[in-house]
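Student: This structure is in structure tokens; I'll ask about it shortly.
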Amino acid sequence: MKWIRPVAAGLQRGGGCLGGCLLLLALAAAPQPAPAAELPIEQMTGQIADLLAGRQAMPPELRGEEGARVSQEVDELYRSRDYRPLWQARSGLRISAFALVEKLRSAADHGLCGEDYLLVPIERLMAMRSETMRSGKQLSVQMLALLDLYLSQAFFSYGTDLVEGRIDPALAHSDWRVRRRKLDLVKLLPPAVDGDSLNALLAELAPPHQGYRQLMAALADLRVLSARGGWPQVPVGEKLKPGAIDPRLPAIRARLLATGEMPAPAPFEGNAYGPATLEAMKRFQRRHGLDPDGVIGKRTYQAMNVTVEQRIQQVEINLERWRWMPRELGRRHISVNTADFTLKVVEDGAVVMEMPVIVGRPFRRTPGFTSQMSYLEFAPTWTVPATVLREDKLPAIQKDPGFLAKNHFRVFRHGGKEMAASELAAINWRKIEAERFPGELRMDPGPWNPLGKVKFMFPNAFNVYLHDTNERSLFDRHNRTYSSGCIRIGDPVGLARYLLSDQPKWTEERLQEALARTSPLQVSINNPVPTHLQYWTVWVDADGTIQFRSDLYYRDLDMEVALGEVRERAGQVVARPEGQKPLRVSRLK
């Protein structure tokens with residue numbers, strides 16, 4: 001990553017877990033001596049069936065083990081193969097079992113934690129197996145059966161988290177909707193184990209996107225920095241401007257040197273805020289979504305004093321968001337990052353258009369979802385959303401009944417017919433509640449309309465869309481949270497031109513005529529464009545520069561809480577109600 005100095009080649013990457021899971025030491029797999037006898041597959045089959053059916057209790061060695069849980073997928077897997085072990089053949093443990101353990105040990109590469117996938121009990125059983133083999137004996141049939149069950153459960157838990165993510169986004173965010181990926185892991189697992197292709201299968205389960213892989217690499221680099229002690233904290237104080245003299249400047253330069261914004265020391269600047277420090281500070285500010293004016297104020301101090309461990313957790317949270325994304329983003333797609341106030345049009349992996357956007361206020365947040373942009377509308381009317389009606393427009397009407405006519409509003413009955421002026425005049429607006437508003441409140445097209453000259457539509461449950469705006473000056477602001485949830489875009493004409501470029505009849509002349517209209521005109525897009533409204537607070541640019549953004553909607557915090565709850569539940573020993581079969585505890589997510 002370009003935001004830190006190069007690290008020494010061959011330095012091993014550390015592991016880490018969401019929510020502060022302790023780093024697992026990667027233990028070298030013990031050499032496997034030849035077994036004294038073939039494994040008793042038939043006896044193991046019976047033992048697996050008895051364990052799943054509840055006819056056998058947990059062995060003393062593992063009684064109360066936190067990972068003693070078997071999901072529905074495990075039960076289905078073994079029923080489909082008449083309870084024969086999967087990970088063990090007569091000759092011994094299959095290579096795929098060792099491959100899975102190694103993947104669990106490196107789960108931290110994905111921002112996950114091997115301890116959440118039964119790694120501790122699996123390694124304990126495998127160590128017991130190696131110890132008994134060294135003495136010329138064989139592990140008990142019951143233990144061998146348990147090892148098989150644990151390996152299967154670990155695969156399904158780990159594989160499902162790679163495919164779907166650890167948490168349901170709708171549980172972490174009330175305004176986030178995605179269609180979670182689903183795969184038949186029960187069908188995919190046996191061929192991979194039999195063919196020693198488990199590594200390839202697990203690689204296919206992870207998100208295939210370049211952005212995900214880049215964040216994995218950034219996570220590894222951050223852990224290297226963490227192992228070296230992180231970066232120094234900067235003393236907070238009064239605002240510093242270029243040219244200032246202050247004893248904090250050496251500490252500030254040490255901070256910028258640690259993460260690479262300052263490529264080399266500036267020994268002659270001392271306590272002076274000189275040009276080398278200024279350029280480094282501007283780079284730091286750009287990489288953290290701050291106004292790159294070189295002035296070191298409150299927000300810059302805050303960004304500098306975020307610890308490396310906090311940045312690691314932020315990357316892990318954004319890796320989880322990638323696991324919510326569709327596997328195919330679309331050869332041509334639109335991506336809006338609300339945390340960065342940007343829109344990008346991507347074709348074949350390359351950004352072909354980029355523009356600033358204005359997004360929802362923190363109390364009217366722009367939601368997150370994926371949809372298909374199917375049409376645009378020139379000279380759009382604006383139907384006032386329920387929240388805006390309740391909080392803004394109805395109070396204004398109650399204060400001044402002439403507000404409707406003065407501001408080009410009309411009211412349409414729910415059946416579609418416009419209410420006459422005499423009908424509106426007869427209403428006692430002070431007694432009207434937003435939930436009982438007599439119809440839809442619409443604003444006519446024109447320079448007063450907040451949707452501007454064109455809007456871009458894609459079906460969604462939140463009734464949000466992209467649109468032009470009549471408040472162009474807001475794009476000059478650095479923090480652009482001014483809308484009521486929809487996305488105002490910086491270059492609506494350029495986006496309209498791009499979307500209609502494959503329709504020959506839409507010449508530049510016709511486009512300008514449409515933009516000058518005073519009545520609505522809907523135009524279909526020949527090939528609907530996947531549109532992704534996302535919230536990336538960490539990503540890696542095409543040139544390898546890592547970018548951080550502030551958590552303006554507190555969604556990172558929401559995810560931190562939700563993921564912590566998942567990990568807490570995953571570590572609990574679930575009490576078994578009377579009459580419930582052993583080992584039949586559903587996987588908690």
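Letters A, B, ... go to the chains of the structure tokens in the order shown; residues in each chain start at 1; ligands are counted from 1 in the same order.
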Residues of range 360-398 of chain A within 10 Å of range 415-436 of chain A: nearest atom pair and distance (Å, one decimal) for each, counting only C-alpha atoms, sorted by chain and number, as JSON lines?
Tutor:
{"residue": "A:Ala386", "atom": "CA", "partner": "A:Ala434", "partner_atom": "CA", "distance": 7.6}
{"residue": "A:Thr387", "atom": "CA", "partner": "A:Ala434", "partner_atom": "CA", "distance": 8.9}
{"residue": "A:Val388", "atom": "CA", "partner": "A:Ala434", "partner_atom": "CA", "distance": 9.8}
{"residue": "A:Leu389", "atom": "CA", "partner": "A:Ala434", "partner_atom": "CA", "distance": 6.7}
{"residue": "A:Arg390", "atom": "CA", "partner": "A:Ala434", "partner_atom": "CA", "distance": 5.1}
{"residue": "A:Glu391", "atom": "CA", "partner": "A:Ala434", "partner_atom": "CA", "distance": 8.7}
{"residue": "A:Lys393", "atom": "CA", "partner": "A:Ala434", "partner_atom": "CA", "distance": 9.5}
{"residue": "A:Leu394", "atom": "CA", "partner": "A:Ala434", "partner_atom": "CA", "distance": 6.9}
{"residue": "A:Pro395", "atom": "CA", "partner": "A:Arg430", "partner_atom": "CA", "distance": 8.7}
{"residue": "A:Ile397", "atom": "CA", "partner": "A:Trp429", "partner_atom": "CA", "distance": 7.1}
{"residue": "A:Gln398", "atom": "CA", "partner": "A:Arg430", "partner_atom": "CA", "distance": 5.4}
Student: Write down as a list in words the residues belonging to range 64-137 of chain A that are assigned strand (DSSP E or B) by DSSP computed on the backbone.
Tutor: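 Restricting range 64-137 of chain A to strand (DSSP E or B) produces Gln88, Ala89, Gly92 and Leu93 of chain A.
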Student: Go ahead and write the residues just picked, N, CA and C atoms, as an mmCIF file, in the first residue's frame.
Tutor:
data_model
loop_
_atom_site.group_PDB
_atom_site.id
_atom_site.type_symbol
_atom_site.label_atom_id
_atom_site.label_comp_id
_atom_site.auth_asym_id
_atom_site.auth_seq_id
_atom_site.Cartn_x
_atom_site.Cartn_y
_atom_site.Cartn_z
ATOM 1 N N GLN A 88 -11.906 -38.420 6.576
ATOM 2 C CA GLN A 88 -11.009 -39.524 6.907
ATOM 3 C C GLN A 88 -11.327 -40.733 6.023
ATOM 4 N N ALA A 89 -10.279 -41.337 5.509
ATOM 5 C CA ALA A 89 -10.395 -42.572 4.741
ATOM 6 C C ALA A 89 -9.733 -43.696 5.546
ATOM 7 N N GLY A 92 -6.276 -42.934 6.623
ATOM 8 C CA GLY A 92 -5.993 -41.865 7.573
ATOM 9 C C GLY A 92 -6.693 -40.572 7.210
ATOM 10 N N LEU A 93 -6.229 -39.501 7.819
ATOM 11 C CA LEU A 93 -6.822 -38.184 7.609
ATOM 12 C C LEU A 93 -6.476 -37.679 6.204
#
Student: Per residue of range 74-113 of chain A within 12 Å of range 321-345 of chain A, which atom pair is closest and at what distance in Å (one decimal), using only C-alpha atoms, listed by chain and increasing number, as JSON lines?
Tutor:
{"residue": "A:His110", "atom": "CA", "partner": "A:Arg323", "partner_atom": "CA", "distance": 10.1}
{"residue": "A:Gly111", "atom": "CA", "partner": "A:Arg323", "partner_atom": "CA", "distance": 11.1}
{"residue": "A:Leu112", "atom": "CA", "partner": "A:Arg323", "partner_atom": "CA", "distance": 11.7}
Student: Kindly export the residues of the current selection with N, CA and C atoms, as a CSV table (one decimal), in the first residue's frame.
Tutor:
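Writing done, so here's part.csv:
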chain,number,residue,atom,x,y,z
A,110,HIS,N,-8.9,-12.5,6.0
A,110,HIS,CA,-10.2,-12.0,5.6
A,110,HIS,C,-10.8,-11.1,6.6
A,111,GLY,N,-10.1,-10.8,7.7
A,111,GLY,CA,-10.7,-10.1,8.8
A,111,GLY,C,-11.6,-10.9,9.7
A,112,LEU,N,-11.4,-12.2,9.6
A,112,LEU,CA,-12.2,-13.2,10.4
A,112,LEU,C,-11.3,-13.8,11.4
Student: Counting only C-alpha atoms, what is within 7 Å of Val538 in chain A, bar same-chain residues fewer than 5 positions away, as a VMD selection string?
Tutor: chain A and resid 315 318 547 to 549
Student: Determine, using only C-alpha atoms, which residues of range 94-163 of chain A have any atom at most 10 Å from an atom of range 77-83 of chain A, and tabulate each with its shortest atom pair and distance in Å to one decimal place, rows ordered by chain and then rising number, as JSON lines.
Tutor:
{"residue": "A:Ala145", "atom": "CA", "partner": "A:Tyr83", "partner_atom": "CA", "distance": 9.9}
{"residue": "A:Leu149", "atom": "CA", "partner": "A:Tyr78", "partner_atom": "CA", "distance": 9.0}
{"residue": "A:Ser152", "atom": "CA", "partner": "A:Leu77", "partner_atom": "CA", "distance": 8.6}
Student: Would you save the residues from that selection as an mmCIF file, in the first residue's frame, using C-alpha atoms?
Tutor:
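Saved as part.cif:
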data_model
loop_
_atom_site.group_PDB
_atom_site.id
_atom_site.type_symbol
_atom_site.label_atom_id
_atom_site.label_comp_id
_atom_site.auth_asym_id
_atom_site.auth_seq_id
_atom_site.Cartn_x
_atom_site.Cartn_y
_atom_site.Cartn_z
ATOM 1 C CA ALA A 145 -16.022 -39.268 14.659
ATOM 2 C CA LEU A 149 -17.992 -33.574 12.603
ATOM 3 C CA SER A 152 -17.425 -30.287 8.613
#
Student: Can you work out which one of A:Gly243, A:Gly485, A:Pro450, A:Gly289 has the shortest atom-to-atom distance to Asn271 in chain A, counting only C-alpha atoms?
Tutor: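 When distances to Asn271 in chain A are compared using only C-alpha atoms, the smallest one comes from A:Gly243.
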Student: Would you mind listing what lies within 10 Å of Asp444 in chain A as a ChimeraX atom specification, with only C-alpha atoms counted and same-chain residues fewer than 5 positions away left out?
Tutor: /A:379-383,407-410,449,518-520
Student: Generate the output file for the selected residues, N, CA and C atoms, as a CSV table (one decimal), in the first residue's frame.
Tutor:
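Done, and the output landed in out-v5.csv:
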chain,number,residue,atom,x,y,z
A,379,ALA,N,-37.2,17.2,-16.9
A,379,ALA,CA,-38.2,18.1,-16.3
A,379,ALA,C,-39.1,17.3,-15.3
A,380,PRO,N,-38.5,16.7,-14.3
A,380,PRO,CA,-39.3,15.9,-13.3
A,380,PRO,C,-40.1,16.8,-12.4
A,381,THR,N,-41.3,16.2,-12.0
A,381,THR,CA,-42.0,16.8,-10.9
A,381,THR,C,-41.3,16.2,-9.6
A,382,TRP,N,-41.6,16.8,-8.5
A,382,TRP,CA,-41.1,16.3,-7.2
A,382,TRP,C,-42.2,15.9,-6.3
A,383,THR,N,-42.4,14.7,-6.0
A,383,THR,CA,-43.4,14.2,-5.0
A,383,THR,C,-42.7,14.2,-3.7
A,407,ASN,N,-45.0,28.4,-3.9
A,407,ASN,CA,-43.8,27.5,-4.2
A,407,ASN,C,-44.1,26.4,-5.2
A,408,HIS,N,-45.1,26.7,-6.0
A,408,HIS,CA,-45.4,25.8,-7.2
A,408,HIS,C,-45.8,24.4,-6.8
A,409,PHE,N,-46.5,24.2,-5.7
A,409,PHE,CA,-46.9,22.9,-5.2
A,409,PHE,C,-48.4,22.7,-5.7
A,410,ARG,N,-48.7,21.5,-6.0
A,410,ARG,CA,-50.1,21.0,-6.2
A,410,ARG,C,-50.3,19.8,-5.4
A,449,ASN,N,-37.4,23.7,-8.7
A,449,ASN,CA,-37.6,22.3,-8.3
A,449,ASN,C,-36.3,21.7,-7.8
A,518,THR,N,-40.4,21.9,-20.0
A,518,THR,CA,-41.2,22.3,-18.9
A,518,THR,C,-42.2,21.3,-18.4
A,519,SER,N,-42.3,20.2,-19.1
A,519,SER,CA,-43.2,19.1,-18.7
A,519,SER,C,-42.4,17.8,-18.7
A,520,PRO,N,-42.8,16.9,-17.9
A,520,PRO,CA,-42.0,15.6,-17.7
A,520,PRO,C,-41.9,14.8,-19.0
Student: Would you please work out which residue, of A:Asn526, A:Pro292, A:Leu376, A:Glu560, is nearest to His478 in chain A when using only C-alpha atoms?
Tutor: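 Answer, going by the shortest atom-to-atom distance: A:Pro292.
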Student: Just the residues within 9 Å of Asp148 in chain A, please, counting only C-alpha atoms, with nothing from its chain fewer than 3 positions along; format it as a list in words.
Tutor: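 Counting only C-alpha atoms, the residues come to Ile48, Pro85, Leu86, Trp87, Gln88, Ala97, Met143, Leu144, Ala145, Leu151, Ser152 and Gln153 of chain A.
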Student: Please list as a VMD selection string every residue within 9 Å of Lys298 in chain A, counting only C-alpha atoms and excluding residues in the same chain fewer than 6 positions away.
Tutor: chain A and resid 236 to 239
Student: Write out as a PyMOL selection string the residues lying within 12 Å of Gly274 in chain A, counting only C-alpha atoms and excluding same-chain residues fewer than 2 positions away.
Tutor: chain A and resi 240-246+249-250+253+266-272+276-281+294
Student: The selected residues should be written to file as a PDB file, in the first residue's frame (atoms: N, CA and C atoms).
Tutor:
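Output file result_31.pdb is given in full below:
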ATOM      1  N   LEU A 240      -2.689  24.724  13.779  1.00  0.00           N
ATOM      2  CA  LEU A 240      -1.385  25.073  13.207  1.00  0.00           C
ATOM      3  C   LEU A 240      -1.548  25.376  11.718  1.00  0.00           C
ATOM      4  N   LYS A 241      -0.994  26.492  11.299  1.00  0.00           N
ATOM      5  CA  LYS A 241      -1.024  26.872   9.895  1.00  0.00           C
ATOM      6  C   LYS A 241       0.397  26.853   9.337  1.00  0.00           C
ATOM      7  N   PRO A 242       0.525  26.658   8.025  1.00  0.00           N
ATOM      8  CA  PRO A 242       1.863  26.672   7.422  1.00  0.00           C
ATOM      9  C   PRO A 242       2.639  27.927   7.806  1.00  0.00           C
ATOM     10  N   GLY A 243       3.899  27.729   8.144  1.00  0.00           N
ATOM     11  CA  GLY A 243       4.740  28.835   8.559  1.00  0.00           C
ATOM     12  C   GLY A 243       4.825  29.002  10.060  1.00  0.00           C
ATOM     13  N   ALA A 244       3.969  28.245  10.795  1.00  0.00           N
ATOM     14  CA  ALA A 244       3.970  28.377  12.251  1.00  0.00           C
ATOM     15  C   ALA A 244       5.234  27.763  12.847  1.00  0.00           C
ATOM     16  N   ILE A 245       5.560  28.186  14.055  1.00  0.00           N
ATOM     17  CA  ILE A 245       6.654  27.608  14.840  1.00  0.00           C
ATOM     18  C   ILE A 245       6.010  26.960  16.068  1.00  0.00           C
ATOM     19  N   ASP A 246       6.234  25.642  16.234  1.00  0.00           N
ATOM     20  CA  ASP A 246       5.567  24.955  17.340  1.00  0.00           C
ATOM     21  C   ASP A 246       6.369  23.710  17.714  1.00  0.00           C
ATOM     22  N   LEU A 249       5.727  20.077  16.069  1.00  0.00           N
ATOM     23  CA  LEU A 249       6.009  19.725  14.671  1.00  0.00           C
ATOM     24  C   LEU A 249       6.857  18.475  14.531  1.00  0.00           C
ATOM     25  N   PRO A 250       7.904  18.243  15.341  1.00  0.00           N
ATOM     26  CA  PRO A 250       8.648  16.989  15.202  1.00  0.00           C
ATOM     27  C   PRO A 250       7.777  15.749  15.409  1.00  0.00           C
ATOM     28  N   ARG A 253       5.678  15.247  12.304  1.00  0.00           N
ATOM     29  CA  ARG A 253       6.457  14.656  11.211  1.00  0.00           C
ATOM     30  C   ARG A 253       6.725  13.179  11.462  1.00  0.00           C
ATOM     31  N   ALA A 266      12.684  15.613   7.383  1.00  0.00           N
ATOM     32  CA  ALA A 266      12.992  17.000   7.025  1.00  0.00           C
ATOM     33  C   ALA A 266      13.759  17.620   8.188  1.00  0.00           C
ATOM     34  N   PRO A 267      15.041  17.282   8.335  1.00  0.00           N
ATOM     35  CA  PRO A 267      15.798  17.673   9.534  1.00  0.00           C
ATOM     36  C   PRO A 267      15.975  19.172   9.702  1.00  0.00           C
ATOM     37  N   PHE A 268      15.883  19.924   8.620  1.00  0.00           N
ATOM     38  CA  PHE A 268      16.151  21.357   8.726  1.00  0.00           C
ATOM     39  C   PHE A 268      14.912  22.161   9.142  1.00  0.00           C
ATOM     40  N   GLU A 269      13.764  21.503   9.192  1.00  0.00           N
ATOM     41  CA  GLU A 269      12.560  22.256   9.540  1.00  0.00           C
ATOM     42  C   GLU A 269      12.372  22.366  11.047  1.00  0.00           C
ATOM     43  N   GLY A 270      12.869  21.405  11.811  1.00  0.00           N
ATOM     44  CA  GLY A 270      12.799  21.505  13.269  1.00  0.00           C
ATOM     45  C   GLY A 270      11.403  21.771  13.775  1.00  0.00           C
ATOM     46  N   ASN A 271      11.238  22.866  14.504  1.00  0.00           N
ATOM     47  CA  ASN A 271       9.929  23.252  15.036  1.00  0.00           C
ATOM     48  C   ASN A 271       9.132  24.127  14.074  1.00  0.00           C
ATOM     49  N   ALA A 272       9.605  24.241  12.842  1.00  0.00           N
ATOM     50  CA  ALA A 272       8.928  25.087  11.860  1.00  0.00           C
ATOM     51  C   ALA A 272       8.018  24.254  10.968  1.00  0.00           C
ATOM     52  N   ALA A 276       8.126  20.937   3.334  1.00  0.00           N
ATOM     53  CA  ALA A 276       8.101  19.473   3.300  1.00  0.00           C
ATOM     54  C   ALA A 276       6.976  18.939   4.183  1.00  0.00           C
ATOM     55  N   THR A 277       6.813  19.521   5.359  1.00  0.00           N
ATOM     56  CA  THR A 277       5.734  19.118   6.255  1.00  0.00           C
ATOM     57  C   THR A 277       4.379  19.467   5.646  1.00  0.00           C
ATOM     58  N   LEU A 278       4.292  20.601   4.990  1.00  0.00           N
ATOM     59  CA  LEU A 278       3.033  21.027   4.375  1.00  0.00           C
ATOM     60  C   LEU A 278       2.584  20.036   3.307  1.00  0.00           C
ATOM     61  N   GLU A 279       3.486  19.657   2.411  1.00  0.00           N
ATOM     62  CA  GLU A 279       3.102  18.719   1.356  1.00  0.00           C
ATOM     63  C   GLU A 279       2.684  17.357   1.931  1.00  0.00           C
ATOM     64  N   ALA A 280       3.419  16.921   2.958  1.00  0.00           N
ATOM     65  CA  ALA A 280       3.069  15.650   3.601  1.00  0.00           C
ATOM     66  C   ALA A 280       1.707  15.741   4.276  1.00  0.00           C
ATOM     67  N   MET A 281       1.419  16.872   4.918  1.00  0.00           N
ATOM     68  CA  MET A 281       0.145  17.052   5.597  1.00  0.00           C
ATOM     69  C   MET A 281      -1.005  17.081   4.605  1.00  0.00           C
ATOM     70  N   GLY A 294      -3.773  22.019   4.433  1.00  0.00           N
ATOM     71  CA  GLY A 294      -2.556  22.056   5.215  1.00  0.00           C
ATOM     72  C   GLY A 294      -2.723  22.588   6.621  1.00  0.00           C
TER      73      GLY A 294
END
Student: So, counting only C-alpha atoms, which residue among A:Asp194, A:Asp75, A:Asp541, A:Asp184 is closest to Arg287 in chain A?
Tutor: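 For Arg287 in chain A, the nearest of the given residues is A:Asp541.
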Student: Which residue is closest to Leu183 in chain A? Choose from A:Leu563, A:Arg413, A:Leu162, A:Asp196 and count only C-alpha atoms.
Tutor: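 Among A:Leu563, A:Arg413, A:Leu162, A:Asp196, it is A:Leu162 that comes nearest to Leu183 in chain A.
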Student: Each residue of range 524-574 of chain A lying at most 10 Å from range 216-223 of chain A should get a row with its shortest atom-to-atom pair and the distance in Å to one decimal, counting only C-alpha atoms; could you produce that, ordered by chain and increasing number, as CSV?
Tutor:
residue,atom,partner,partner_atom,distance
A:Val538,CA,A:Ala218,CA,9.7
A:Trp539,CA,A:Ala218,CA,8.8
A:Val540,CA,A:Ala218,CA,7.8
A:Gly544,CA,A:Ala218,CA,9.2
A:Thr545,CA,A:Ala218,CA,9.4
A:Ile546,CA,A:Ala218,CA,7.3
Student: If you keep C-alpha atoms, can you produce a file of those selected residues as a tab-separated table (two decimals), in the first residue's frame?
Tutor:
chain	number	residue	atom	x	y	z
A	538	VAL	CA	-11.88	2.32	3.72
A	539	TRP	CA	-10.79	1.37	0.23
A	540	VAL	CA	-7.66	1.25	-1.93
A	544	GLY	CA	-2.53	1.49	-4.44
A	545	THR	CA	-3.22	4.39	-2.08
A	546	ILE	CA	-5.36	3.45	0.92
Student: List every residue of range 70-137 of chain A that DSSP, applied to the backbone, labels as helix (DSSP H, G or I), and write the result as a ChimeraX atom specification.
Tutor: /A:72-80,95-105,107-110,114-117,119-134
Student: From the set A:Leu188, A:Val357, A:Leu225, A:Val193, which residue has the shortest atom-to-atom contact distance to Asp476 in chain A, counting only C-alpha atoms?
Tutor: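 When distances to Asp476 in chain A are compared using only C-alpha atoms, the smallest one comes from A:Val357.
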